[in-house]
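This is structure-v1.cif. It holds mmCIF, C-alpha atoms.
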data_work
loop_
_atom_site.label_atom_id
_atom_site.label_comp_id
_atom_site.auth_asym_id
_atom_site.auth_seq_id
_atom_site.Cartn_x
_atom_site.Cartn_y
_atom_site.Cartn_z
CA MET F 1 0.11 -18.62 19.14
CA SER F 2 -0.28 -21.39 16.55
CA ARG F 3 2.51 -21.96 14.06
CA ILE F 4 2.16 -20.01 10.81
CA ALA F 5 3.29 -20.71 7.25
CA LEU F 6 3.75 -17.56 5.18
CA VAL F 7 3.82 -16.54 1.56
CA LEU F 8 5.42 -13.10 1.55
CA ASN F 9 4.28 -11.93 -1.86
CA PHE F 10 5.62 -8.39 -1.61
CA ASP F 11 4.89 -8.04 -5.35
CA ALA F 12 1.12 -8.23 -4.80
CA GLU F 13 0.52 -4.76 -6.27
CA LEU F 14 2.24 -5.85 -9.48
CA GLU F 15 -0.11 -8.83 -9.69
CA LEU F 16 -3.14 -6.62 -9.04
CA ASP F 17 -1.89 -4.24 -11.72
CA ARG F 18 -1.15 -6.81 -14.42
CA GLY F 19 -3.82 -9.39 -13.75
CA PRO F 20 -3.84 -13.15 -14.36
CA SER F 21 -0.89 -13.02 -16.77
CA TYR F 22 1.48 -11.71 -14.08
CA GLN F 23 4.73 -13.57 -13.49
CA PRO F 24 7.54 -12.05 -11.39
CA THR F 25 10.79 -11.18 -13.11
CA ARG F 26 14.19 -12.25 -11.77
CA PRO F 27 14.86 -8.79 -10.28
CA THR F 28 11.45 -8.89 -8.58
CA ILE F 29 12.16 -12.33 -7.13
CA ALA F 30 15.54 -11.11 -5.90
CA ARG F 31 13.97 -8.05 -4.27
CA THR F 32 11.17 -10.01 -2.58
CA THR F 33 13.71 -12.52 -1.29
CA GLU F 34 15.84 -9.70 0.12
CA LEU F 35 12.81 -8.19 1.87
CA ALA F 36 11.74 -11.58 3.26
CA ARG F 37 15.18 -12.14 4.76
CA ALA F 38 15.10 -8.65 6.29
CA MET F 39 11.68 -9.34 7.84
CA ARG F 40 12.69 -12.76 9.17
CA SER F 41 13.62 -11.48 12.64
CA THR F 42 10.20 -9.86 13.16
CA LEU F 43 8.24 -13.06 12.55
CA PRO F 44 6.90 -15.04 15.51
CA GLU F 45 8.83 -18.01 16.83
CA GLY F 46 8.26 -21.12 14.74
CA ALA F 47 6.98 -19.25 11.67
CA PHE F 48 8.36 -20.33 8.32
CA VAL F 49 8.31 -18.69 4.89
CA ILE F 50 7.21 -20.99 2.06
CA ALA F 51 7.86 -18.30 -0.54
CA PRO F 52 10.17 -16.73 -1.37
CA LEU F 53 12.51 -18.48 1.12
CA ALA F 54 11.43 -22.09 0.41
CA GLU F 55 11.28 -22.96 4.11
CA THR F 56 9.32 -25.95 5.41
CA GLY F 57 7.58 -26.62 8.70
CA GLU F 58 4.66 -28.20 10.47
CA PRO F 59 1.91 -29.53 8.21
CA SER F 60 -0.69 -28.15 10.64
CA ALA F 61 0.66 -24.57 10.52
CA ARG F 62 -1.85 -21.88 9.64
CA SER F 63 -1.53 -20.40 6.14
CA ILE F 64 -0.99 -16.64 5.94
CA ALA F 65 -0.35 -14.57 2.81
CA TRP F 66 1.10 -11.07 2.75
CA CYS F 67 -1.80 -10.40 0.38
CA PRO F 68 -4.14 -13.30 -0.50
CA THR F 69 -3.89 -12.95 -4.27
CA THR F 70 -4.55 -15.73 -6.76
CA ARG F 71 -0.85 -16.41 -7.17
CA ALA F 72 -0.30 -16.59 -3.39
CA LYS F 73 -3.08 -19.15 -3.08
CA LYS F 74 -1.55 -21.21 -5.90
CA ILE F 75 1.77 -21.26 -4.03
CA PHE F 76 0.02 -22.70 -0.97
CA ALA F 77 -1.74 -25.28 -3.12
CA ALA F 78 1.57 -26.32 -4.71
CA ALA F 79 2.96 -26.80 -1.19
CA HIS F 80 -0.08 -29.01 -0.37
CA ARG F 81 -1.45 -26.51 2.12
CA SER F 82 -4.88 -24.98 2.46
CA PRO F 83 -4.98 -21.43 1.11
CA PRO F 84 -5.66 -18.60 3.55
CA ASP F 85 -9.05 -17.00 3.86
CA GLY F 86 -9.43 -13.74 2.05
CA PRO F 87 -11.48 -11.71 -0.42
CA ASP F 88 -11.41 -12.39 -4.14
CA MET F 89 -9.16 -10.52 -6.53
CA ALA F 90 -11.87 -8.04 -7.55
CA VAL F 91 -12.21 -6.84 -3.95
CA LEU F 92 -8.43 -6.74 -3.44
CA ALA F 93 -8.00 -4.72 -6.63
CA ARG F 94 -10.74 -2.25 -5.72
CA VAL F 95 -9.57 -1.48 -2.17
CA ASN F 96 -5.86 -1.30 -3.01
CA ALA F 97 -6.41 1.00 -5.98
CA ARG F 98 -5.43 4.62 -5.41
CA PRO F 99 -8.83 6.05 -6.42
CA PHE F 100 -10.41 4.14 -3.50
CA ALA F 101 -8.14 5.95 -1.04
CA HIS F 102 -8.62 9.26 -2.86
CA ALA F 103 -12.40 9.05 -2.44
CA LEU F 104 -11.94 8.71 1.33
CA SER F 105 -9.52 11.64 1.59
CA GLU F 106 -10.95 14.05 -0.97
CA GLY F 107 -10.12 17.65 -0.07
CA GLU F 108 -7.32 16.67 2.32
CA LEU F 109 -4.65 17.60 -0.22
CA PRO F 110 -5.90 20.63 -2.19
CA GLY F 111 -5.58 20.22 -5.93
CA ALA F 112 -5.45 16.41 -5.94
CA VAL F 113 -7.80 14.86 -8.51
CA VAL F 114 -8.64 11.55 -10.13
CA VAL F 115 -9.19 11.84 -13.89
CA HIS F 116 -10.64 9.32 -16.32
CA ASP F 117 -9.81 10.74 -19.75
CA LEU F 118 -7.03 12.60 -21.55
CA GLU F 119 -8.94 15.87 -21.81
CA SER F 120 -9.47 16.04 -18.04
CA ALA F 121 -5.83 15.13 -17.43
CA GLU F 122 -4.64 17.89 -19.73
CA ARG F 123 -6.81 20.45 -17.93
CA ALA F 124 -5.48 19.31 -14.56
CA LEU F 125 -1.88 19.47 -15.77
CA ALA F 126 -2.35 22.94 -17.27
CA ARG F 127 -2.47 24.29 -13.71
CA SER F 128 0.74 25.92 -12.54
CA GLY F 129 2.91 24.16 -10.01
CA ALA F 130 4.64 20.84 -9.48
CA TRP F 131 2.51 17.70 -9.90
CA LEU F 132 2.86 13.98 -9.39
CA LEU F 133 1.18 11.47 -11.69
CA LYS F 134 0.21 8.26 -9.87
CA ARG F 135 -1.01 5.14 -11.58
CA VAL F 136 -3.85 3.14 -10.02
CA PHE F 137 -1.44 0.59 -8.54
CA GLY F 138 2.07 1.15 -7.26
CA VAL F 139 4.34 0.52 -4.33
CA SER F 140 7.72 1.88 -3.19
CA GLY F 141 7.61 4.75 -5.66
CA ARG F 142 6.61 2.62 -8.66
CA GLY F 143 4.05 3.98 -11.09
CA GLN F 144 4.72 7.64 -10.35
CA ARG F 145 5.97 10.47 -12.54
CA PRO F 146 6.77 14.09 -11.58
CA VAL F 147 5.69 16.82 -14.01
CA ARG F 148 5.53 20.61 -14.12
CA GLY F 149 2.16 22.22 -14.74
CA GLY F 150 1.90 23.71 -18.24
CA GLU F 151 5.08 21.95 -19.35
CA THR F 152 3.92 18.40 -20.02
CA SER F 153 5.95 16.59 -22.66
CA GLU F 154 4.92 13.95 -25.19
CA SER F 155 6.47 11.40 -22.84
CA ASP F 156 4.28 12.68 -19.99
CA ARG F 157 1.19 12.44 -22.19
CA ALA F 158 2.14 8.91 -23.20
CA PHE F 159 2.44 7.97 -19.51
CA VAL F 160 -1.05 9.34 -18.86
CA ALA F 161 -2.53 7.65 -21.93
CA ALA F 162 -1.01 4.27 -21.03
CA SER F 163 -2.27 4.60 -17.44
CA LEU F 164 -5.81 5.39 -18.60
CA ALA F 165 -5.76 2.55 -21.11
CA ARG F 166 -4.73 0.05 -18.42
CA HIS F 167 -7.09 0.96 -15.58
CA GLY F 168 -9.31 3.82 -16.71
CA SER F 169 -8.04 6.47 -14.31
CA ILE F 170 -4.96 8.21 -12.96
CA VAL F 171 -4.37 10.28 -9.83
CA ILE F 172 -2.78 13.73 -10.12
CA GLU F 173 -1.48 15.26 -6.89
CA PRO F 174 0.53 18.36 -6.03
CA ARG F 175 4.12 17.55 -5.14
CA VAL F 176 4.77 18.53 -1.55
CA ARG F 177 7.78 18.67 0.73
CA ILE F 178 7.33 15.71 3.05
CA GLU F 179 8.89 16.03 6.49
CA ARG F 180 7.74 12.85 8.19
CA GLU F 181 6.37 9.60 6.71
CA LEU F 182 3.82 7.87 8.94
CA SER F 183 1.65 4.77 8.79
CA VAL F 184 -1.05 3.11 10.86
CA HIS F 185 -1.34 -0.68 11.14
CA ALA F 186 -4.80 -2.09 11.79
CA TRP F 187 -7.18 -5.00 11.30
CA ARG F 188 -10.64 -5.14 9.82
CA THR F 189 -12.85 -8.00 11.00
CA ASP F 190 -16.42 -7.25 12.09
CA ALA F 191 -14.93 -4.07 13.56
CA THR F 192 -11.73 -2.05 13.11
CA TYR F 193 -8.79 -2.55 15.48
CA VAL F 194 -5.93 -0.03 15.33
CA ARG F 195 -2.69 -1.69 16.42
CA SER F 196 0.17 0.78 16.01
CA ILE F 197 1.32 4.09 14.55
CA ARG F 198 4.65 3.88 12.78
CA GLU F 199 7.26 6.19 11.35
CA GLN F 200 8.54 5.00 8.00
CA ILE F 201 12.04 5.57 6.73
CA VAL F 202 12.20 5.56 2.93
CA ASP F 203 14.92 6.16 0.36
CA THR F 204 14.95 8.93 -2.24
CA TYR F 205 12.72 6.81 -4.52
CA GLY F 206 10.09 6.24 -1.83
CA ALA F 207 11.10 2.62 -1.18
CA PHE F 208 10.81 1.32 2.38
CA THR F 209 14.04 0.94 4.37
CA ALA F 210 12.94 0.80 8.04
CA SER F 211 10.01 1.26 10.41
CA THR F 212 9.87 2.34 14.04
CA LEU F 213 7.08 3.20 16.44
CA ALA F 214 6.20 6.87 15.99
CA ARG F 215 7.38 8.91 18.97
CA ASP F 216 6.42 12.37 20.24
CA LEU F 217 3.41 12.82 17.98
CA PRO F 218 1.09 15.61 19.14
CA SER F 219 -2.15 14.14 20.47
CA ALA F 220 -4.20 15.91 17.78
CA ILE F 221 -2.17 14.27 15.01
CA GLU F 222 -2.35 10.87 16.68
CA ARG F 223 -6.12 11.22 16.99
CA SER F 224 -6.44 12.21 13.33
CA LEU F 225 -4.44 9.15 12.26
CA VAL F 226 -6.56 6.81 14.37
CA ASP F 227 -9.77 8.43 13.07
CA SER F 228 -8.52 8.01 9.50
CA ALA F 229 -7.70 4.33 10.06
CA GLU F 230 -11.13 3.71 11.59
CA ARG F 231 -12.83 5.45 8.66
CA VAL F 232 -10.81 3.35 6.22
CA GLY F 233 -11.64 0.19 8.17
CA GLU F 234 -15.36 0.90 7.85
CA ALA F 235 -15.01 1.46 4.09
CA LEU F 236 -12.99 -1.75 3.71
CA GLY F 237 -15.65 -3.70 5.56
CA GLU F 238 -18.39 -2.27 3.36
CA ALA F 239 -16.35 -3.25 0.27
CA GLY F 240 -16.08 -6.86 1.46
CA TYR F 241 -12.52 -6.82 2.78
CA ARG F 242 -11.52 -8.58 6.01
CA GLY F 243 -7.93 -8.76 7.18
CA PRO F 244 -4.87 -6.67 8.02
CA PHE F 245 -4.40 -3.25 6.50
CA GLY F 246 -2.30 -0.14 6.75
CA ILE F 247 -2.73 3.48 5.79
CA ASP F 248 0.12 5.74 4.73
CA ALA F 249 0.15 9.35 5.92
CA TYR F 250 2.66 12.18 6.15
CA LEU F 251 3.47 15.57 7.59
CA HIS F 252 4.33 18.08 4.89
CA ARG F 253 4.93 21.78 4.17
CA GLY F 254 3.20 22.08 0.82
CA ASP F 255 5.61 23.66 -1.64
CA GLY F 256 8.10 24.12 1.19
CA THR F 257 7.00 27.58 2.29
CA GLN F 258 3.82 26.62 4.14
CA PRO F 259 3.30 25.65 7.80
CA PRO F 260 3.31 21.93 8.66
CA ALA F 261 0.15 20.03 7.73
CA LEU F 262 -0.97 16.44 8.10
CA ARG F 263 -2.19 14.33 5.25
CA ALA F 264 -3.88 11.63 7.31
CA LEU F 265 -4.62 9.34 4.35
CA SER F 266 -2.31 9.10 1.38
CA GLU F 267 -2.51 5.39 0.47
CA ILE F 268 -4.37 2.27 1.62
CA ASN F 269 -2.56 -1.05 1.77
CA ALA F 270 -5.19 -3.75 2.23
CA ARG F 271 -2.68 -6.41 3.30
CA TYR F 272 0.13 -6.77 5.83
CA CYS F 273 2.61 -3.89 5.69
CA MET F 274 6.35 -3.34 5.95
CA GLY F 275 7.37 -3.12 9.58
CA TRP F 276 4.52 -5.40 10.69
CA ASP F 277 5.37 -7.38 13.82
CA GLU F 278 3.82 -9.18 16.80
CA ARG F 279 2.58 -5.88 18.25
CA ASP F 280 0.26 -5.69 15.26
CA GLY F 281 -0.54 -9.41 15.37
CA TRP F 282 -0.22 -12.01 12.63
CA LEU F 283 -3.66 -13.44 13.36
CA PRO F 284 -6.99 -11.57 13.48
CA PRO F 285 -7.89 -10.01 16.86
#

Would you encode the structure as structure tokens?
Amino acid sequence: MSRIALVLNFDAELELDRGPSYQPTRPTIARTTELARAMRSTLPEGAFVIAPLAETGEPSARSIAWCPTTRAKKIFAAAHRSPPDGPDMAVLARVNARPFAHALSEGELPGAVVVHDLESAERALARSGAWLLKRVFGVSGRGQRPVRGGETSESDRAFVAASLARHGSIVIEPRVRIERELSVHAWRTDATYVRSIREQIVDTYGAFTASTLARDLPSAIERSLVDSAERVGEALGEAGYRGPFGIDAYLHRGDGTQPPALRALSEINARYCMGWDERDGWLPP
């Protein structure tokens, strides 16, 4: 494998959310640096991380970005390296936005909706039960807010209003008892290549802590996950995206009293993903 030079911009979703004015804060830089150091051992031999670890290496190394955002490309340019290939920001924003994933999984989680105005949001939140507000962009539990149906506060309404003002929509999903977090790593080129099925370990806030290969999955669940990844790959290709991607999925019990069910598509990450390694491949298949 050729040498690779990486920009591990783990804050890509924040850039997609905030647009051209985005600049990482000191806590964000500290967190991305911590994650880059943790991922160091999974990188191929000879790889070096331009940002955030300020490593240097062969001038001929191939440029790879965690997500090829505008800021990532500027970091390569500042290091006098050619930027990686990748779609423009409009495509990245569209395919990483939660409504894109919702449209591909509609009906999979009963009660989940995307709303585009305050009146529709209020009707959705008048339904009884426990709900989760999800902004268009978010990662590791960011941009989410739990609410109780029929009990929304002024603070909840302000969260919805701010979300609609920023991106024109918000996702409202039932809160469920998750038993097992799963993900599928894949590539989209002229076809879709599924590389691995992972089990994700997350903290109480939904932030990634570890990833292992998923073991002992029933064949029906494994097939559903692969089918979901292939369906997502086709949609990404039609939207103009080429590159690595992952889908998040989970096994859940609804409100805790229901039998186990699979949500085969919860989120789409059109980029490299936490836990990515040489099994998944750092270069296109």

Problem set entry | Nearest residue to Thr28 of chain F from the set F:Ser266, F:Ser2, F:Thr257, F:Asn9 (distances using only C-alpha atoms) | F:Asn9

For this session: Please evaluate the PyMOL selection byres ((chain F and resi 87) around 10) against the structure above and give the resulting residues as a PyMOL selection string.
Result: chain F and resi 67-69+84-86+88-93+239-243

For this session: I need the residue set behind the PyMOL selection byres ((chain F and resi 7) around 12) for this file; please write it as an MDAnalysis selection string.
Result: chainID F and resid 4:6 8:12 32:33 36 47:56 62:79 81 83:84 272

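The result of the PyMOL selection byres ((chain F and resi 132) around 7) on the shown file is Trp131, Leu133, Lys134, Gln144, Arg145, Pro146, Val147, Ile172, Glu173, Pro174 and Arg175 of chain F.
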
Please report, as a tab-separated table, each residue of segment 222-276 of chain F lying at most 7 Å from segment 187-199 of chain F, together with the nearest pair of atoms and the separation in Å rounded to one decimal; use only C-alpha atoms, and order rows by chain and ascending residue number.
residue	atom	partner	partner_atom	distance
F:Val226	CA	F:Val194	CA	6.9
F:Glu230	CA	F:Thr192	CA	6.0
F:Gly233	CA	F:Thr192	CA	5.4
F:Gly237	CA	F:Arg188	CA	6.7
F:Arg242	CA	F:Thr189	CA	5.2
F:Gly243	CA	F:Arg188	CA	5.2
F:Pro244	CA	F:Trp187	CA	4.3
F:Phe245	CA	F:Trp187	CA	5.8

For this session: Find, counting all atoms listed in the file, the residue in F:Arg18, F:Arg177, F:Arg26, F:Arg148 that gets nearest to Pro260 of chain F.
Result: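 Counting all atoms listed in the file, the residue closest to Pro260 of chain F is F:Arg177.
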
Problem set entry | Computed interatomic separation between atom CA of Arg215 of chain F and atom CA of Leu262 of chain F (Å) |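 Going from atom CA of Arg215 of chain F over to atom CA of Leu262 of chain F, I get 15.6 Å.
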
For this session: In the coordinate frame of the file, compute which residues have an atom within 10 Å of (-0.5, 21.7, -22.3) when using only C-alpha atoms, and state them as a ChimeraX atom specification.
Result: /F:121-127,149-154,157

If you keep C-alpha atoms, can you produce a file of those selected residues as a tab-separated table (two decimals), in the coordinates of the input?
chain	number	residue	atom	x	y	z
F	121	ALA	CA	-5.83	15.13	-17.43
F	122	GLU	CA	-4.64	17.89	-19.73
F	123	ARG	CA	-6.81	20.45	-17.93
F	124	ALA	CA	-5.48	19.31	-14.56
F	125	LEU	CA	-1.88	19.47	-15.77
F	126	ALA	CA	-2.35	22.94	-17.27
F	127	ARG	CA	-2.47	24.29	-13.71
F	149	GLY	CA	2.16	22.22	-14.74
F	150	GLY	CA	1.90	23.71	-18.24
F	151	GLU	CA	5.08	21.95	-19.35
F	152	THR	CA	3.92	18.40	-20.02
F	153	SER	CA	5.95	16.59	-22.66
F	154	GLU	CA	4.92	13.95	-25.19
F	157	ARG	CA	1.19	12.44	-22.19

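Between atom CA of Gly46 of chain F and atom CA of Glu13 of chain F lies a distance of 27.7 Å.
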
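Going from atom CA of Gly111 of chain F to atom CA of Glu222 of chain F covers 24.7 Å.
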
Exercise. When distances are computed from all atoms listed in the file, which of F:Thr25, F:Gly275, F:Arg263, F:Ser155 shows the smallest separation from Ala112 of chain F?
Worked result: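 Selected residue with least distance to Ala112 of chain F: F:Arg263.
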
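Each of F:Val113, F:Met39, F:Val139, F:Ala162 was compared to Asp248 of chain F using all atoms listed in the file, and F:Val139 turns out to be the nearest.
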
For this session: Using all atoms listed in the file, find the one residue out of F:Leu283, F:Ala61, F:Leu118, F:Leu265 that sits nearest to Ala158 of chain F.
Result: F:Leu118

Problem set entry | Of the listed residues F:Phe159, F:Tyr250, F:Tyr22, F:Trp276, that which approaches Thr42 of chain F most closely, counting all atoms listed in the file | F:Trp276

Problem set entry | Protein and nucleic acid residues near (0.6, 5.9, 3.2) (cut-off 12 Å, only C-alpha atoms) as a PyMOL selection string | chain F and resi 96+98+101-102+105+138-141+178+180-185+197-202+206-208+225+228-229+245-251+262-270+273-274
